[in-house]
$ cat target_27.txt   # compact mmCIF, C-alpha atoms
# COMPACT_ATOMS: atom_id res chain seq x y z
CA ARG A 1 -110.71 -156.38 182.69
CA GLU A 2 -108.99 -157.67 179.54
CA ARG A 3 -105.41 -158.87 179.95
CA ASP A 4 -102.54 -159.44 177.56
CA ASP A 5 -102.30 -163.13 178.34
CA GLY A 6 -100.71 -164.22 175.12
CA GLY A 7 -103.94 -165.48 173.61
CA GLY A 8 -105.09 -164.92 170.04
CA GLY A 9 -107.68 -162.36 168.99
CA ASP A 10 -109.92 -161.57 166.06
CA ASP A 11 -109.53 -157.78 166.18
CA GLY A 12 -106.40 -157.62 164.01
CA ARG A 13 -104.03 -156.80 166.85
CA ALA A 14 -100.79 -158.76 167.14
CA THR A 15 -100.78 -161.40 169.85
CA LEU A 16 -98.43 -163.92 171.41
CA GLY A 17 -100.86 -166.61 170.36
CA GLU A 18 -101.65 -168.79 167.37
CA GLY A 19 -103.54 -165.95 165.72
CA SER A 20 -100.31 -164.21 164.70
CA ARG A 21 -97.23 -165.20 162.72
CA TRP A 22 -93.94 -163.64 163.76
CA ALA A 23 -90.75 -163.19 161.74
CA MET A 24 -87.65 -163.38 163.93
CA ARG A 25 -84.09 -162.57 162.86
CA LEU A 26 -80.99 -163.24 164.91
CA LEU A 27 -77.71 -161.45 164.13
CA LEU A 28 -74.95 -163.46 165.76
CA GLY A 29 -71.45 -162.16 166.36
CA GLN A 30 -69.49 -159.54 168.21
CA GLU A 31 -70.88 -156.05 168.49
CA GLY A 32 -69.28 -153.64 166.04
CA GLN A 33 -68.28 -156.32 163.54
CA ALA A 34 -69.05 -155.56 159.89
CA GLN A 35 -70.26 -159.14 159.32
CA ARG A 36 -72.50 -161.29 161.46
CA ALA A 37 -74.12 -164.67 160.99
CA SER A 38 -77.85 -164.39 160.34
CA ALA A 39 -80.63 -166.80 161.31
CA THR A 40 -84.22 -166.14 160.26
CA PHE A 41 -87.34 -167.94 161.47
CA THR A 42 -91.10 -167.66 161.09
CA VAL A 43 -92.95 -168.86 164.17
CA ARG A 44 -96.26 -168.96 166.00
CA PHE A 45 -96.52 -168.69 169.77
CA VAL A 46 -98.56 -171.54 171.23
CA GLN A 47 -99.80 -170.81 174.75
CA GLU A 48 -100.15 -173.54 177.37
CA GLU A 49 -103.33 -172.97 179.35
CA GLY A 50 -103.35 -172.67 183.11
CA TYR A 51 -99.97 -170.98 183.61
CA GLU A 52 -99.21 -167.58 185.07
CA PRO A 53 -97.25 -165.82 183.77
CA PRO A 54 -98.23 -166.84 180.22
CA GLN A 55 -95.89 -169.35 178.62
CA GLY A 56 -95.79 -172.07 176.01
CA THR A 57 -93.95 -173.41 172.97
CA LEU A 58 -92.92 -172.05 169.59
CA ARG A 59 -94.32 -173.66 166.45
CA VAL A 60 -91.59 -173.22 163.84
CA LEU A 61 -93.09 -172.58 160.40
CA ARG A 62 -89.87 -171.72 158.59
CA ASP A 63 -86.20 -172.06 159.50
CA ALA A 64 -84.41 -170.48 156.55
CA ALA A 65 -80.87 -171.58 157.48
CA GLY A 66 -81.79 -174.85 159.17
CA LEU A 67 -80.09 -173.83 162.43
CA LEU A 68 -82.70 -175.10 164.89
CA GLN A 69 -82.53 -178.66 166.21
CA GLU A 70 -85.24 -180.80 164.60
CA GLY A 71 -87.77 -182.46 166.86
CA GLN A 72 -86.86 -180.32 169.87
CA VAL A 73 -89.17 -178.11 171.95
CA HIS A 74 -88.54 -174.38 171.86
CA ARG A 75 -90.13 -172.54 174.79
CA TRP A 76 -91.24 -168.98 175.61
CA GLN A 77 -92.43 -167.17 178.72
CA LEU A 78 -93.48 -163.65 179.61
CA ILE A 79 -91.55 -162.42 182.63
CA GLU A 80 -91.27 -159.47 184.95
CA ASP A 81 -88.25 -157.20 184.93
CA PRO A 82 -85.37 -159.57 185.84
CA ASN A 83 -83.99 -156.85 188.11
CA GLU A 84 -87.28 -156.22 189.90
CA ARG A 85 -88.95 -159.62 190.22
CA ARG A 86 -89.53 -159.22 193.93
CA ALA A 87 -91.86 -156.33 193.23
CA GLY A 88 -94.56 -158.80 192.14
CA LEU A 89 -97.50 -158.12 189.86
CA TRP A 90 -100.03 -156.84 192.37
CA ILE A 91 -100.19 -153.64 190.30
CA TRP A 92 -102.30 -155.48 187.69
CA GLY A 93 -105.37 -153.80 189.14
CA LEU A 94 -104.08 -150.41 187.99
CA PHE A 95 -104.00 -151.39 184.30
CA GLU A 96 -106.27 -152.88 181.67
CA GLN A 97 -103.44 -155.24 180.63
CA ALA A 98 -101.28 -157.47 182.78
CA LEU A 99 -97.86 -155.91 182.29
CA TYR A 100 -95.00 -158.31 181.67
CA PRO A 101 -92.20 -156.14 180.27
CA TYR A 102 -90.03 -158.98 178.91
CA LEU A 103 -90.40 -162.07 176.74
CA LEU A 104 -87.87 -164.88 177.20
CA ILE A 105 -87.40 -167.50 174.46
CA ASN A 106 -85.24 -170.63 174.66
CA LEU A 107 -84.24 -172.01 171.25
CA LYS A 108 -82.55 -175.38 170.77
CA PHE A 109 -79.74 -174.35 168.44
CA LYS A 110 -77.48 -176.49 166.24
CA GLY A 111 -74.59 -174.04 166.54
CA CYS A 112 -72.85 -172.09 163.79
CA LYS A 113 -69.51 -170.64 162.75
CA LEU A 114 -69.21 -166.87 162.92
CA PRO A 115 -67.66 -164.80 160.11
CA GLY A 116 -63.93 -164.12 160.19
CA GLU A 117 -62.08 -164.90 163.40
CA GLN A 118 -65.06 -164.46 165.72
CA GLY A 119 -65.22 -168.16 166.58
CA ILE A 120 -68.44 -170.12 166.91
CA VAL A 121 -71.80 -170.10 168.67
CA PRO A 122 -71.84 -173.59 170.24
CA PRO A 123 -74.81 -175.95 169.95
CA GLY A 124 -77.24 -175.85 172.84
CA VAL A 125 -79.80 -173.39 174.14
CA LEU A 126 -79.91 -169.89 172.69
CA GLN A 127 -81.69 -167.52 175.04
CA VAL A 128 -83.45 -164.60 173.36
CA GLN A 129 -84.89 -161.83 175.52
CA PHE A 130 -87.13 -159.15 174.02
CA LYS A 131 -88.64 -156.08 175.54
CA HIS A 132 -92.41 -156.70 175.48
CA GLU A 133 -95.09 -154.02 175.25
CA TYR A 134 -98.80 -154.07 174.50
CA GLY A 135 -100.46 -151.23 172.60
CA SER A 136 -104.21 -150.70 172.40
CA LEU A 137 -104.00 -150.40 168.60
CA GLN A 138 -101.09 -152.62 167.51
CA GLY A 139 -101.29 -155.29 170.20
CA ALA A 140 -98.12 -157.10 171.25
CA GLN A 141 -94.81 -155.47 170.29
CA LEU A 142 -91.31 -156.92 170.67
CA SER A 143 -88.10 -154.86 170.59
CA GLU A 144 -84.49 -154.64 171.77
CA GLY A 145 -83.78 -158.36 171.47
CA VAL A 146 -80.63 -159.74 173.09
CA VAL A 147 -79.29 -163.22 172.23
CA SER A 148 -77.21 -165.13 174.80
CA SER A 149 -75.53 -168.53 174.88
CA LYS A 150 -73.45 -170.53 177.33
CA VAL A 151 -69.83 -170.17 176.27
CA PRO A 152 -66.64 -171.37 178.00
CA VAL A 153 -64.87 -168.65 179.99
CA GLN A 154 -61.45 -169.20 181.58
CA TYR A 155 -60.60 -167.91 185.04
CA GLN A 156 -57.46 -168.12 187.12
CA ALA A 157 -57.99 -170.85 189.69
CA ASP A 158 -55.37 -169.57 192.14
CA LEU A 159 -53.73 -166.30 193.20
CA PHE A 160 -50.50 -167.08 191.36
CA GLY A 161 -52.05 -167.78 187.96
CA LEU A 162 -50.57 -171.26 187.82
CA SER A 163 -53.84 -172.97 186.98
CA THR A 164 -57.07 -172.03 185.26
CA ALA A 165 -60.67 -173.16 185.42
CA THR A 166 -63.17 -173.12 182.57
CA VAL A 167 -66.74 -172.17 183.45
CA GLN A 168 -69.79 -172.16 181.18
CA GLU A 169 -71.33 -168.71 181.43
CA MET A 170 -74.34 -167.14 179.74
CA THR A 171 -72.84 -164.49 177.46
CA GLN A 172 -74.36 -162.18 174.87
CA VAL A 173 -73.64 -163.47 171.37
CA GLY A 174 -75.88 -161.26 169.27
CA VAL A 175 -79.06 -159.25 168.89
CA ALA A 176 -82.53 -160.05 167.60
CA VAL A 177 -85.48 -158.34 165.94
CA ALA A 178 -89.04 -159.61 165.63
CA SER A 179 -92.13 -158.35 163.81
CA VAL A 180 -95.58 -159.61 162.95
CA VAL A 181 -96.04 -161.06 159.47
CA PRO A 182 -98.96 -159.25 157.81
CA PRO A 183 -101.78 -161.65 156.85
CA SER A 184 -101.51 -160.58 153.21
CA SER A 185 -97.91 -161.86 153.04
CA SER A 186 -98.69 -165.29 154.47
CA SER A 187 -98.58 -168.16 152.01
CA PRO A 188 -101.24 -170.93 152.14
CA ASP A 189 -98.66 -173.63 152.89
CA ASP A 190 -96.98 -171.91 155.86
CA ASP A 191 -98.70 -174.15 158.40
CA ASP A 192 -97.60 -177.22 156.47
CA ASP A 193 -93.96 -176.13 156.46
CA ASP A 194 -93.38 -177.08 160.10
CA ASP A 195 -89.99 -178.79 160.45
CA GLY A 196 -91.13 -180.80 163.44
CA ALA A 197 -89.75 -178.42 166.08
CA SER A 198 -92.36 -176.80 168.25

$ encode --input "target_27.txt" --output "structure tokens"
Amino acid sequence: RERDDGGGGDDGRATLGEGSRWAMRLLLGQEGQAQRASATFTVRFVQEEGYEPPQGTLRVLRDAAGLLQEGQVHRWQLIEDPNERRAGLWIWGLFEQALYPYLLINLKFKGCKLPGEQGIVPPGVLQVQFKHEYGSLQGAQLSEGVVSSKVPVQYQADLFGLSTATVQEMTQVGVAVASVVPPSSSSPDDDDDDDGAS
């Protein structure tokens, strides 16, 4: 049976492989705010052979705001439902496609200031998690992206509130959308516009 293993295809369907370009937009800031910082990238998914579940690196073709760390490796991996990982993937045999419902991306981020008094998104790893589906006509589809970052959170270190402790916790800092770039809108020099991050 054919599986959605992230590889490229020649049938026109979107893939998590080098056969498709993806436009990704991050909207960073607090939910409900009128203004958010925006980061837009064009990427290709490069799959590393021999891994299950499928995983690999991102080849960055365009980084409009220059917010990704140059020369760093940005990684992706298809994953099971984080809340149901113990269920395993033995149910593959019931489907034509191997079903991994989520895509996890780790971006090496330079950090940025948020509009108004929202503070900053610190430099480090931005974790982007998309809902991942595979349609027989469209191919791979990504939706409902959530962006998280490790931010300092203060807790009371004793019962009397006399001291505090600061812990780095993964916290949602924005949302994300991603869509396939139609071949007709690709420029000839896209592959030569790599900023060195992959």

$ closest_atom_pairs --input "target_27.txt" --of "range 12-115 of chain A" --to "range 158-174 of chain A" --cutoff "9 Å" --atoms "all atoms listed in the file" --output "CSV"
residue,atom,partner,partner_atom,distance
A:Leu26,CA,A:Gly174,CA,7.0
A:Leu27,CA,A:Gly174,CA,5.5
A:Leu28,CA,A:Gly174,CA,4.2
A:Gly29,CA,A:Gly174,CA,5.4
A:Gln30,CA,A:Val173,CA,6.5
A:Glu31,CA,A:Gly174,CA,7.3
A:Arg36,CA,A:Gly174,CA,8.5

$ atom_distance --input "target_27.txt" --atom1 "CA of Leu142 in chain A" --atom2 "CA of Glu48 in chain A"
20.0 Å

$ closest_atom_pairs --input "target_27.txt" --of "range 90-149 of chain A" --to "range 59-72 of chain A" --cutoff "10 Å" --atoms "only C-alpha atoms" --output "tab-separated table"
residue	atom	partner	partner_atom	distance
A:Leu107	CA	A:Leu68	CA	7.2
A:Lys108	CA	A:Gln69	CA	5.6
A:Phe109	CA	A:Leu68	CA	4.7
A:Lys110	CA	A:Leu67	CA	5.3
A:Gly111	CA	A:Leu67	CA	6.9
A:Cys112	CA	A:Leu67	CA	7.6
A:Pro123	CA	A:Gln69	CA	9.0
A:Gly124	CA	A:Gln69	CA	8.9
A:Val125	CA	A:Leu68	CA	9.8
A:Leu126	CA	A:Leu68	CA	9.8

$ closest_residue --input "target_27.txt" --among "A:Trp22, A:Gly32, A:Gln129, A:Gln77" --to "Gln47 in chain A" --atoms "all atoms listed in the file"
A:Gln77

$ axis_aligned_box --input "target_27.txt" --around "range 119-131 of chain A" --padding-each-side "4 Å" --output "lines of an AutoDock Vina configuration file"
center_x = -76.9
center_y = -166.0
center_z = 171.1
size_x = 31.4
size_y = 27.9
size_z = 17.0

$ closest_residue --input "target_27.txt" --among "A:Val181, A:Gln127, A:Arg13, A:Leu78" --to "Arg44 in chain A" --atoms "all atoms listed in the file"
A:Val181

$ atom_distance --input "target_27.txt" --atom1 "CA of Arg21 in chain A" --atom2 "CA of Leu114 in chain A"
28.1 Å

$ atom_distance --input "target_27.txt" --atom1 "CA of Ala14 in chain A" --atom2 "CA of Val180 in chain A"
6.7 Å

$ closest_residue --input "target_27.txt" --among "A:Gln55, A:Gln33, A:Gln156, A:Thr40" --to "Gly17 in chain A" --atoms "only C-alpha atoms"
A:Gln55

$ closest_residue --input "target_27.txt" --among "A:Ala176, A:Ala140, A:Leu104, A:Val151" --to "Gly19 in chain A" --atoms "only C-alpha atoms"
A:Ala140
